[in-house]
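Structure first, commentary second.
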Amino acid sequence: MSAQSLVVIGVVVIAFALLVWIINPTIHGASFVVLVVALVAGLASVALGIAQRSRG
């Protein structure tokens, strides 16, 4: 997977997770865990894409 697509996927996942949190800020329990996992996965995807891009 190219670095650019990793960054795009990460940004989309982060944006979707934040949108869900903005719509329903009272999320708790398992839904909150899924939201946090999605945010971490999005950040990891962006970080991986940036690392791949800087490597060349």
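Ordering of the structure tokens sets the chain letters (A, B, ...), residue numbers begin anew at 1 in every chain, and ligands are numbered from 1 in the order given.
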Counting only C-alpha atoms, give me one row per residue of range 8-37 of chain A with an atom at most 10 Å from an atom of range 48-51 of chain A, showing the shortest contact pair and its distance in Å to one decimal, sorted by chain then residue number, as CSV.
```
residue,atom,partner,partner_atom,distance
A:Val8,CA,A:Gly49,CA,8.7
A:Ile9,CA,A:Gly49,CA,9.5
A:Gly10,CA,A:Gly49,CA,8.6
```
Can those selected residues be exported to a file as a short mmCIF file (atom, residue, chain, number, x, y, z; two decimals), in the first residue's frame so that it contains N, CA and C atoms?
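Produced file again-v1.cif, reproduced below:
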```cif
data_model
loop_
_atom_site.label_atom_id
_atom_site.label_comp_id
_atom_site.auth_asym_id
_atom_site.auth_seq_id
_atom_site.Cartn_x
_atom_site.Cartn_y
_atom_site.Cartn_z
N VAL A 8 -4.27 8.84 3.73
CA VAL A 8 -5.68 9.15 3.43
C VAL A 8 -6.61 8.26 4.25
N ILE A 9 -6.32 6.98 4.32
CA ILE A 9 -7.15 6.06 5.10
C ILE A 9 -7.13 6.45 6.57
N GLY A 10 -5.96 6.78 7.08
CA GLY A 10 -5.86 7.20 8.48
C GLY A 10 -6.66 8.44 8.78
#
```
List the neighbours of Val37 in chain A out to 12 Å using only C-alpha atoms; skip same-chain residues closer than 5 positions along the sequence, and give me the result as an MDAnalysis selection string. chainID A and resid 13:14 17 30:32 42:44
Using DSSP secondary structure from the backbone, list all helix (DSSP H, G or I) positions within chain A, as a PyMOL selection string. chain A and resi 3-23+30-55
Long-range neighbours of Phe16 in chain A as a list in words, 10 Å cut-off, only C-alpha atoms, 4 positions minimum in chain: Gly10, Val11, Val12, Val20, Trp21, Ile22, Leu35, Ala38, Leu39 and Gly42 of chain A
What does the file look like for those residues with N, CA and C atoms, as a PDB file, in the first residue's frame?
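Output file again27.pdb is given in full below:
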```
ATOM      1  N   GLY A  10      -5.963   6.780   7.077  1.00  0.00           N
ATOM      2  CA  GLY A  10      -5.855   7.197   8.477  1.00  0.00           C
ATOM      3  C   GLY A  10      -6.661   8.441   8.778  1.00  0.00           C
ATOM      4  N   VAL A  11      -6.579   9.421   7.904  1.00  0.00           N
ATOM      5  CA  VAL A  11      -7.323  10.669   8.106  1.00  0.00           C
ATOM      6  C   VAL A  11      -8.829  10.415   8.042  1.00  0.00           C
ATOM      7  N   VAL A  12      -9.261   9.570   7.130  1.00  0.00           N
ATOM      8  CA  VAL A  12     -10.693   9.253   7.014  1.00  0.00           C
ATOM      9  C   VAL A  12     -11.183   8.532   8.274  1.00  0.00           C
ATOM     10  N   VAL A  20     -18.396  10.582  14.927  1.00  0.00           N
ATOM     11  CA  VAL A  20     -19.244   9.755  15.786  1.00  0.00           C
ATOM     12  C   VAL A  20     -19.229  10.297  17.209  1.00  0.00           C
ATOM     13  N   TRP A  21     -18.056  10.717  17.689  1.00  0.00           N
ATOM     14  CA  TRP A  21     -17.938  11.240  19.045  1.00  0.00           C
ATOM     15  C   TRP A  21     -18.662  12.581  19.189  1.00  0.00           C
ATOM     16  N   ILE A  22     -18.600  13.419  18.161  1.00  0.00           N
ATOM     17  CA  ILE A  22     -19.294  14.705  18.200  1.00  0.00           C
ATOM     18  C   ILE A  22     -20.813  14.502  18.195  1.00  0.00           C
ATOM     19  N   LEU A  35     -14.234   3.267  19.671  1.00  0.00           N
ATOM     20  CA  LEU A  35     -13.887   4.612  19.205  1.00  0.00           C
ATOM     21  C   LEU A  35     -12.406   4.906  19.439  1.00  0.00           C
ATOM     22  N   ALA A  38     -10.308   2.910  17.026  1.00  0.00           N
ATOM     23  CA  ALA A  38     -10.353   3.507  15.692  1.00  0.00           C
ATOM     24  C   ALA A  38      -9.437   4.724  15.613  1.00  0.00           C
ATOM     25  N   LEU A  39      -9.443   5.562  16.643  1.00  0.00           N
ATOM     26  CA  LEU A  39      -8.553   6.731  16.649  1.00  0.00           C
ATOM     27  C   LEU A  39      -7.083   6.307  16.641  1.00  0.00           C
ATOM     28  N   GLY A  42      -6.197   4.938  13.225  1.00  0.00           N
ATOM     29  CA  GLY A  42      -6.047   6.034  12.270  1.00  0.00           C
ATOM     30  C   GLY A  42      -4.723   6.753  12.435  1.00  0.00           C
TER      31      GLY A  42
END
```
For each of A:Ile23, A:Leu6, A:Ala15, A:Val33, take the minimum atom-to-atom distance to Val46 in chain A, counting only C-alpha atoms, then give the residue where this is smallest.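 Closest candidate: A:Leu6.
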